[in-house]
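First up is the structure itself, then whatever we jot down about it.
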Amino acid sequence: MGSFLLYGANGYTGTLIARLASEYGLSPILAARREEAVKPLAASLNLDYRVFDLSNSKKLEDTLREVQVVLHAAGPFSQTARPMIEACMRTHTHYLDITGEIGVFEMAKKLDSSARDAGIMLMPGVGFDVVPTDCLALFLHQQMPDAHHLKLAFGSVGGGYSRGTAITMAQGAGEKSAERRNGVITSVPLGHKGMKVDFGLKELFVMSIPWGDVSTAYTTTGIPNIETYTAASPKTFKMLQYQSLFNWILRTSMVRKWQINKIKSGPAGPSDEKRARSKSLVWGEVSNPAGAVLRARLNGPEGYTLTAHSSLIITRKVIEKNFKSGYQTPAGCYGADLVLEIPGMFREPC
């Protein structure tokens with residue numbers, strides 16, 4: 001089977017993807033900015049590797065011409081997605097990434113026509129951000145085609161954040177949240193809504209956040225009102241009610257630099273043992289103008305494990321020429337049952 005380029009292979013999630021690729025019959029070319037970061041991993045997995053920075057457009061394009069698809073795993077994607085996508089346009093290479101950033105989805109969506117002209121697919125969000133939530137959104141919409149409001153929430157039993165995810169969160173500290181109202185992405189305070197959700201395995205308190213589905217679920221379903229939530233402690237939720245008083249502090253370069261340095265001094269992410277003991281939980285609710293309500297939920301492997309599987313499942317589909325040109329969402333392209341192809345996933349109405 002054809003190879004693909006895995007950029008950011010030295011990161012926590014990139015390493016998980018590289019280690020799992022052989023189970024899907026795939027042999028990625030590993031790539032990173034520094035040789036010392038990627039060479040040992042490539043040697044341990046007997047894989048080829050490349051070293052280049054995204055600013056080196058010639059080396060980037062020369063490498064992309066060797067493959068059919070790139071799986072981009074080097075965030076923050078608000079900084080790295082555009083140069084990779086533009087290079088993919090020039091080299092006619094399919095683009096996948098594991099972002100959850102609303103701005104990246106919206107940027108890629110605007111490039112739909114150009115991607116179609118280039119004969120390539122642009123699909124950001126092929127990991128936990130946003131495969132399970134996107135698939136659940138479509139599943140619920142199929143049961144209620146006239147739904148006008150969608151709520152999505154996620155949490156976990158166990159688990160934790162990778163260093164890259166934590167840094168992306170730190171860089172967004174002090175910023176506002178977002179939801180979709182009457183078809184328009186609207187800025188709202190972070191954590192301005194909260195509620196308890198029965199995820200099946202556990203009931204958790206969740207608060208509103210700017211999750212990628214504010215963009216993608218609208219593309220997939222057309223539902224005009226979308227809210228997204230994550231599990232949080234009630235104490236954190238209460239503290240955020242006063243966020244307007246201290247957001248300016250969190251946005252200062254000094255505070256963000258301190259946070260990022262602290263994150264970098266910690267572990268790369270959850271251990272294999274911790275991931276094996278953890279579960280990811282997803283819940284969704286749709287309602288229509290008549291007041292009818294439908295709910296469903298998913299549970300499955302821990303988020304980073306899920307990302308490794310879902311990204312490789314989609315990469316293999318593209319290599320097998322199972323794709324649609326232009327900007328696509330995971331469920332929009334592959335259907336609501338895509339998430340059930342991930343080992344250990346379970347879906348039920350609730």
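FYI, nothing fancy with the structure tokens labels: chains A, B, ... in order, residues from 1 per chain, ligands from 1 as they appear.
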What's the 10 Å shell around A:Tyr229, counting only C-alpha atoms, without same-chain residues fewer than 6 positions away, as a ChimeraX atom specification? /A:151-155,191,193-195,197,205-211,282-284
So which residues touch stretch 111-122 of chain A within 6 Å, counting only C-alpha atoms, skipping near sequence neighbours fewer than 2 positions away, as a ChimeraX atom specification? /A:92,94-95,108-109,325-327
Output N, CA and C atoms for every residue in the selection just made, as a PDB file, in the first residue's frame.
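What landed in selection_20.pdb:
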ATOM      1  N   HIS A  92      -0.628  18.858  -5.407  1.00  0.00           N
ATOM      2  CA  HIS A  92      -1.768  17.948  -5.604  1.00  0.00           C
ATOM      3  C   HIS A  92      -1.712  16.776  -4.607  1.00  0.00           C
ATOM      4  N   HIS A  94      -3.241  15.215  -0.980  1.00  0.00           N
ATOM      5  CA  HIS A  94      -4.368  15.271  -0.051  1.00  0.00           C
ATOM      6  C   HIS A  94      -3.882  15.703   1.334  1.00  0.00           C
ATOM      7  N   TYR A  95      -4.719  16.495   2.013  1.00  0.00           N
ATOM      8  CA  TYR A  95      -4.347  17.053   3.314  1.00  0.00           C
ATOM      9  C   TYR A  95      -5.281  16.566   4.411  1.00  0.00           C
ATOM     10  N   ALA A 108      -9.890  26.290   5.987  1.00  0.00           N
ATOM     11  CA  ALA A 108      -9.873  25.218   4.992  1.00  0.00           C
ATOM     12  C   ALA A 108     -11.156  25.211   4.165  1.00  0.00           C
ATOM     13  N   LYS A 109     -12.267  25.520   4.813  1.00  0.00           N
ATOM     14  CA  LYS A 109     -13.547  25.536   4.110  1.00  0.00           C
ATOM     15  C   LYS A 109     -13.547  26.581   2.997  1.00  0.00           C
ATOM     16  N   SER A 325     -13.078  15.236  -3.468  1.00  0.00           N
ATOM     17  CA  SER A 325     -12.260  16.431  -3.615  1.00  0.00           C
ATOM     18  C   SER A 325     -12.902  17.616  -2.899  1.00  0.00           C
ATOM     19  N   GLY A 326     -12.064  18.570  -2.515  1.00  0.00           N
ATOM     20  CA  GLY A 326     -12.538  19.764  -1.838  1.00  0.00           C
ATOM     21  C   GLY A 326     -12.481  19.630  -0.332  1.00  0.00           C
ATOM     22  N   TYR A 327     -13.028  20.625   0.355  1.00  0.00           N
ATOM     23  CA  TYR A 327     -13.075  20.586   1.812  1.00  0.00           C
ATOM     24  C   TYR A 327     -14.136  19.591   2.254  1.00  0.00           C
TER      25      TYR A 327
END
Report as a VMD selection string all protein, DNA and RNA residues lying within 12 Å of A:Thr93, evaluated on only C-alpha atoms, omitting residues in the same chain fewer than 3 positions from it. chain A and resid 4 to 5 60 to 72 84 to 90 96 115 to 116 118 to 123 318 to 319 325 to 326
Let's have the selection written as a compact mmCIF listing (two decimals), in the first residue's frame, with N, CA and C atoms.
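Okay, this is what ended up in again-v2.txt:
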# COMPACT_ATOMS: atom_id res chain seq x y z
N PHE A 4 2.51 7.48 3.16
CA PHE A 4 2.03 8.85 3.37
C PHE A 4 3.05 9.58 4.22
N LEU A 5 2.95 10.90 4.23
CA LEU A 5 3.86 11.70 5.03
C LEU A 5 3.20 12.01 6.37
N LEU A 60 9.74 21.08 1.41
CA LEU A 60 8.39 20.62 1.73
C LEU A 60 7.70 20.08 0.48
N GLU A 61 7.74 20.84 -0.60
CA GLU A 61 7.07 20.41 -1.82
C GLU A 61 7.74 19.19 -2.44
N ASP A 62 9.06 19.12 -2.40
CA ASP A 62 9.76 17.94 -2.92
C ASP A 62 9.33 16.69 -2.17
N THR A 63 9.15 16.81 -0.86
CA THR A 63 8.74 15.66 -0.05
C THR A 63 7.29 15.30 -0.33
N LEU A 64 6.43 16.29 -0.45
CA LEU A 64 5.01 16.00 -0.70
C LEU A 64 4.82 15.29 -2.04
N ARG A 65 5.69 15.56 -3.00
CA ARG A 65 5.55 14.91 -4.30
C ARG A 65 5.88 13.42 -4.24
N GLU A 66 6.43 12.97 -3.13
CA GLU A 66 6.73 11.54 -2.96
C GLU A 66 5.51 10.74 -2.50
N VAL A 67 4.45 11.42 -2.04
CA VAL A 67 3.34 10.73 -1.39
C VAL A 67 1.99 11.18 -1.96
N GLN A 68 0.94 10.43 -1.62
CA GLN A 68 -0.41 10.79 -2.03
C GLN A 68 -1.09 11.70 -1.02
N VAL A 69 -0.71 11.56 0.24
CA VAL A 69 -1.42 12.26 1.30
C VAL A 69 -0.47 12.62 2.43
N VAL A 70 -0.73 13.76 3.07
CA VAL A 70 0.01 14.14 4.26
C VAL A 70 -0.95 14.10 5.44
N LEU A 71 -0.51 13.51 6.54
CA LEU A 71 -1.22 13.56 7.81
C LEU A 71 -0.42 14.50 8.70
N HIS A 72 -0.97 15.68 8.90
CA HIS A 72 -0.26 16.77 9.57
C HIS A 72 -0.58 16.72 11.07
N MET A 84 1.13 24.27 5.16
CA MET A 84 1.05 22.89 4.69
C MET A 84 -0.04 22.74 3.64
N ILE A 85 -1.19 23.34 3.86
CA ILE A 85 -2.28 23.25 2.90
C ILE A 85 -1.89 23.89 1.57
N GLU A 86 -1.25 25.05 1.63
CA GLU A 86 -0.86 25.73 0.39
C GLU A 86 0.14 24.89 -0.40
N ALA A 87 1.05 24.22 0.30
CA ALA A 87 2.00 23.34 -0.38
C ALA A 87 1.26 22.13 -0.99
N CYS A 88 0.27 21.61 -0.28
CA CYS A 88 -0.52 20.49 -0.81
C CYS A 88 -1.27 20.89 -2.08
N MET A 89 -1.76 22.13 -2.12
CA MET A 89 -2.43 22.63 -3.33
C MET A 89 -1.47 22.61 -4.52
N ARG A 90 -0.26 23.08 -4.28
CA ARG A 90 0.72 23.17 -5.37
C ARG A 90 1.20 21.81 -5.83
N LEU A 96 -4.70 15.98 5.45
CA LEU A 96 -5.41 15.60 6.67
C LEU A 96 -4.66 16.20 7.85
N ALA A 115 -9.24 23.53 -3.73
CA ALA A 115 -8.89 22.12 -3.52
C ALA A 115 -9.54 21.24 -4.59
N ARG A 116 -10.78 21.57 -4.96
CA ARG A 116 -11.45 20.81 -6.02
C ARG A 116 -10.70 20.96 -7.35
N ALA A 118 -7.60 21.45 -7.66
CA ALA A 118 -6.35 20.70 -7.55
C ALA A 118 -6.58 19.20 -7.48
N GLY A 119 -7.85 18.79 -7.34
CA GLY A 119 -8.19 17.37 -7.28
C GLY A 119 -7.82 16.71 -5.97
N ILE A 120 -7.77 17.51 -4.90
CA ILE A 120 -7.37 16.96 -3.61
C ILE A 120 -8.46 17.17 -2.57
N MET A 121 -8.38 16.40 -1.49
CA MET A 121 -9.27 16.55 -0.37
C MET A 121 -8.56 17.27 0.77
N LEU A 122 -9.27 18.23 1.36
CA LEU A 122 -8.80 18.88 2.58
C LEU A 122 -9.72 18.42 3.70
N MET A 123 -9.17 17.70 4.68
CA MET A 123 -9.97 17.23 5.80
C MET A 123 -9.22 17.46 7.10
N VAL A 318 -8.04 7.30 1.98
CA VAL A 318 -7.58 8.22 0.93
C VAL A 318 -6.58 7.53 0.01
N ILE A 319 -5.65 6.79 0.60
CA ILE A 319 -4.66 6.07 -0.21
C ILE A 319 -5.35 5.07 -1.13
N SER A 325 -13.08 15.24 -3.47
CA SER A 325 -12.26 16.43 -3.62
C SER A 325 -12.90 17.62 -2.90
N GLY A 326 -12.06 18.57 -2.51
CA GLY A 326 -12.54 19.76 -1.84
C GLY A 326 -12.48 19.63 -0.33
Residues at most 9 Å from A:Gly103, counting only C-alpha atoms, excluding those fewer than 2 positions away in the same chain, as a short mmCIF file (atom, residue, chain, number, x, y, z; two decimals) with C-alpha atoms, in the first residue's frame?
data_model
loop_
_atom_site.label_atom_id
_atom_site.label_comp_id
_atom_site.auth_asym_id
_atom_site.auth_seq_id
_atom_site.Cartn_x
_atom_site.Cartn_y
_atom_site.Cartn_z
CA SER A 78 -3.46 28.01 13.67
CA GLY A 100 -9.77 20.96 16.71
CA GLU A 101 -9.38 24.70 16.09
CA PHE A 105 -11.73 24.50 9.79
CA GLU A 106 -13.12 27.81 8.59
CA MET A 107 -9.90 28.62 6.72
CA ALA A 108 -9.87 25.22 4.99
CA GLY A 212 -14.31 22.41 16.38
CA SER A 215 -17.67 24.83 12.46
#
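Atom CA of A:Ile223 is found 20.1 Å from atom CA of A:Val339.
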Measuring atom to atom with only C-alpha atoms, identify which of A:Leu30, A:His149, A:Ile17, A:Lys39 is nearest to A:Ser3. A:Leu30
Mind pulling up the distance from atom CA of A:Leu6 to atom CA of A:Ile29?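 Calculated distance between atom CA of A:Ile29 and atom CA of A:Leu6 is 6.0 Å.
Checking A:Thr133, A:Met144, A:Ala232, A:Arg316 one by one against A:Ser22, counting only C-alpha atoms, you find the shortest gap at A:Arg316.
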Near A:Val131, within 10 Å and counting only C-alpha atoms, which residues show up once chain neighbours fewer than 2 positions away are dropped, as a list in words?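 Non-adjacent residues within range: Ile98, Gly125, Val126, Gly127, Phe128, Asp129, Thr133, Asp134, Cys135, Leu136, Ala137, Asp213, Thr216, Leu306, Thr307, Ser310, Ser311, Thr329, Pro330, Ala331, Ala336, Leu338 and Val339 of chain A.
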Go ahead and write the residues just picked, N, CA and C atoms, as a short mmCIF file (atom, residue, chain, number, x, y, z; two decimals), in the first residue's frame.
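So out_30.cif came out as:
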data_model
loop_
_atom_site.label_atom_id
_atom_site.label_comp_id
_atom_site.auth_asym_id
_atom_site.auth_seq_id
_atom_site.Cartn_x
_atom_site.Cartn_y
_atom_site.Cartn_z
N ILE A 98 -5.01 16.80 12.56
CA ILE A 98 -5.69 16.39 13.79
C ILE A 98 -6.09 17.60 14.63
N GLY A 125 -9.11 17.74 11.19
CA GLY A 125 -9.89 17.15 12.27
C GLY A 125 -10.17 15.67 12.13
N VAL A 126 -9.14 14.87 11.80
CA VAL A 126 -9.36 13.43 11.62
C VAL A 126 -9.05 12.62 12.88
N GLY A 127 -8.93 13.32 14.02
CA GLY A 127 -8.69 12.63 15.28
C GLY A 127 -9.88 12.76 16.21
N PHE A 128 -9.61 12.73 17.51
CA PHE A 128 -10.69 12.94 18.49
C PHE A 128 -11.36 14.28 18.21
N ASP A 129 -10.58 15.20 17.75
CA ASP A 129 -11.12 16.43 17.18
C ASP A 129 -11.19 16.18 15.66
N THR A 133 -17.43 13.35 17.56
CA THR A 133 -18.50 14.34 17.68
C THR A 133 -19.18 14.60 16.34
N ASP A 134 -18.41 14.65 15.27
CA ASP A 134 -18.98 14.87 13.94
C ASP A 134 -19.89 13.71 13.55
N CYS A 135 -19.44 12.49 13.84
CA CYS A 135 -20.25 11.31 13.52
C CYS A 135 -21.52 11.26 14.37
N LEU A 136 -21.43 11.65 15.63
CA LEU A 136 -22.61 11.65 16.48
C LEU A 136 -23.60 12.74 16.03
N ALA A 137 -23.07 13.88 15.62
CA ALA A 137 -23.93 14.95 15.10
C ALA A 137 -24.72 14.48 13.89
N ASP A 213 -16.57 21.50 16.41
CA ASP A 213 -17.88 21.22 15.81
C ASP A 213 -18.73 22.45 15.62
N THR A 216 -17.54 22.42 12.09
CA THR A 216 -17.71 21.20 11.29
C THR A 216 -19.11 20.62 11.33
N LEU A 306 -7.75 6.98 20.33
CA LEU A 306 -8.79 7.13 19.31
C LEU A 306 -8.25 7.92 18.12
N THR A 307 -7.53 8.99 18.39
CA THR A 307 -6.96 9.82 17.32
C THR A 307 -6.02 9.01 16.43
N SER A 310 -8.38 6.67 14.31
CA SER A 310 -9.24 7.35 13.33
C SER A 310 -8.42 8.01 12.22
N SER A 311 -7.29 8.60 12.57
CA SER A 311 -6.47 9.27 11.54
C SER A 311 -5.90 8.26 10.55
N THR A 329 -15.69 17.17 5.81
CA THR A 329 -15.67 16.78 7.22
C THR A 329 -15.67 15.26 7.29
N PRO A 330 -15.19 14.69 8.40
CA PRO A 330 -15.11 13.22 8.48
C PRO A 330 -16.45 12.51 8.24
N ALA A 331 -17.49 12.90 8.98
CA ALA A 331 -18.79 12.24 8.81
C ALA A 331 -19.45 12.65 7.51
N ALA A 336 -21.98 8.55 9.25
CA ALA A 336 -22.08 8.55 10.71
C ALA A 336 -21.44 7.32 11.35
N LEU A 338 -18.63 5.95 10.50
CA LEU A 338 -17.17 5.97 10.44
C LEU A 338 -16.57 5.72 11.82
N VAL A 339 -17.12 6.35 12.83
CA VAL A 339 -16.56 6.23 14.19
C VAL A 339 -16.61 4.79 14.69
#
Do you have the atom CA of A:Thr91-atom CA of A:Asp53 distance handy? 16.9 Å
Among the residues A:Val293, A:Ala178, A:Ile342, A:Val38, the one that comes closest to A:Ile313 [using only C-alpha atoms]: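 Using only C-alpha atoms, the shortest distance to A:Ile313 belongs to A:Ile342.
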Taking 4 positions as the minimum chain separation for residues in the same chain, which residues sit within 8 Å of A:Val51 when counting only C-alpha atoms? Answer as a list of chain:residue names.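 With the cut-off at 8 Å, the set is A:Ala31, A:Ala32, A:Arg33, A:Arg34, A:Glu35, A:Val38.
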Test item, helix (DSSP H, G or I) assignment across stretch 118-213 of chain A, answer as number ranges by chain: A: 118, 131-143, 163-171, 213
For the residues selected in the previous step, produce a file with C-alpha atoms as a compact mmCIF listing (two decimals), in the first residue's frame.
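Once written, part.txt looks like this:
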# COMPACT_ATOMS: atom_id res chain seq x y z
CA ALA A 118 -6.35 20.70 -7.55
CA VAL A 131 -14.39 12.37 14.31
CA PRO A 132 -16.58 11.09 17.20
CA THR A 133 -18.50 14.34 17.68
CA ASP A 134 -18.98 14.87 13.94
CA CYS A 135 -20.25 11.31 13.52
CA LEU A 136 -22.61 11.65 16.48
CA ALA A 137 -23.93 14.95 15.10
CA LEU A 138 -24.74 13.31 11.76
CA PHE A 139 -26.26 10.24 13.45
CA LEU A 140 -28.64 12.44 15.45
CA HIS A 141 -29.48 14.61 12.45
CA GLN A 142 -30.39 11.52 10.45
CA GLN A 143 -32.88 10.60 13.20
CA ARG A 163 2.11 18.56 25.92
CA GLY A 164 1.05 19.85 22.50
CA THR A 165 -2.63 20.03 23.44
CA ALA A 166 -1.80 21.80 26.69
CA ILE A 167 0.36 24.37 24.87
CA THR A 168 -2.44 25.08 22.38
CA MET A 169 -4.82 25.59 25.30
CA ALA A 170 -2.32 27.90 27.03
CA GLN A 171 -1.99 29.98 23.88
CA ASP A 213 -17.88 21.22 15.81
